[in-house]
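Undergrad: This is the structure I want to talk about, given as structure tokens.
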Amino acid sequence: MRTTLALAAILSGLITLTPAAQARDGIGPAGAAALGAIGGLAVGSAIASSNNGYYPGQPVYRAPPRPVYVEEDYGPVCHFERRRYVDPYGDVYLRRVRVCE
């Protein structure tokens with residue numbers, strides 16, 4: 001039990017003492033931030049300038065359609081009225097009734 005605790009303490013000490021790997025190739029933090037900003041602007045402008053087909057580009061103006069005239073149907077004229085209705089139990093209801101003239 002003591003040996004495993006001692007081994008764990010030694011390994012954790014070795015892990016914390018190892019230097020962190022840096023994959024910056026000698027570029028400082030400010031240079032890395034500047035390169036990221038320039039790269040982001042370049043990629044963003046390339047995406048924005050590409051014509052992806054959703055927006056056709058130039059607006060297209062067309063003449064308005066000709067007016068259409070519809071003849072009225074001279075059939076029966078119908079409307080709805082509210083009428084009082086008393087059921088066999090004596091309850092009073094208002095019903096909508098279609099009335100055609």
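Chain lettering (A, B, ...) mirrors the order of the structure tokens, residue numbering begins at 1 for each chain separately, and ligand numbering begins at 1 in order of display.
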Do you know which residues are at most 9 Å from Glu81 (chain A) counting only C-alpha atoms, after dropping those on the same chain fewer than 2 positions away, and could you put them as a ChimeraX atom specification?
TA: /A:79,83,95-99
Undergrad: Deliver the residues from the most recent selection as a file, using N, CA and C atoms, as a PDB file, in the first residue's frame.
TA:
```pdb
ATOM      1  N   HIS A  79     -77.116  34.522 -46.428  1.00  0.00           N
ATOM      2  CA  HIS A  79     -76.465  35.098 -45.263  1.00  0.00           C
ATOM      3  C   HIS A  79     -76.863  34.278 -44.031  1.00  0.00           C
ATOM      4  N   ARG A  83     -81.061  32.892 -34.738  1.00  0.00           N
ATOM      5  CA  ARG A  83     -82.465  32.668 -34.415  1.00  0.00           C
ATOM      6  C   ARG A  83     -82.572  31.951 -33.082  1.00  0.00           C
ATOM      7  N   ARG A  95     -79.167  29.903 -32.406  1.00  0.00           N
ATOM      8  CA  ARG A  95     -78.530  29.129 -33.466  1.00  0.00           C
ATOM      9  C   ARG A  95     -78.245  30.027 -34.649  1.00  0.00           C
ATOM     10  N   ARG A  96     -77.181  29.723 -35.348  1.00  0.00           N
ATOM     11  CA  ARG A  96     -76.894  30.408 -36.613  1.00  0.00           C
ATOM     12  C   ARG A  96     -77.561  29.615 -37.714  1.00  0.00           C
ATOM     13  N   VAL A  97     -78.416  30.292 -38.484  1.00  0.00           N
ATOM     14  CA  VAL A  97     -79.176  29.637 -39.543  1.00  0.00           C
ATOM     15  C   VAL A  97     -78.825  30.313 -40.859  1.00  0.00           C
ATOM     16  N   ARG A  98     -78.572  29.523 -41.881  1.00  0.00           N
ATOM     17  CA  ARG A  98     -78.273  30.072 -43.203  1.00  0.00           C
ATOM     18  C   ARG A  98     -79.606  30.358 -43.907  1.00  0.00           C
ATOM     19  N   VAL A  99     -79.736  31.617 -44.355  1.00  0.00           N
ATOM     20  CA  VAL A  99     -80.973  32.047 -45.015  1.00  0.00           C
ATOM     21  C   VAL A  99     -80.601  32.492 -46.424  1.00  0.00           C
TER      22      VAL A  99
END
```
Undergrad: Considering only C-alpha atoms, can you say which of A:Glu101, A:Ser45, A:Pro29, A:Thr4 comes closest to Pro76 (chain A)?
TA: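 The closest residue to Pro76 (chain A) is A:Glu101.
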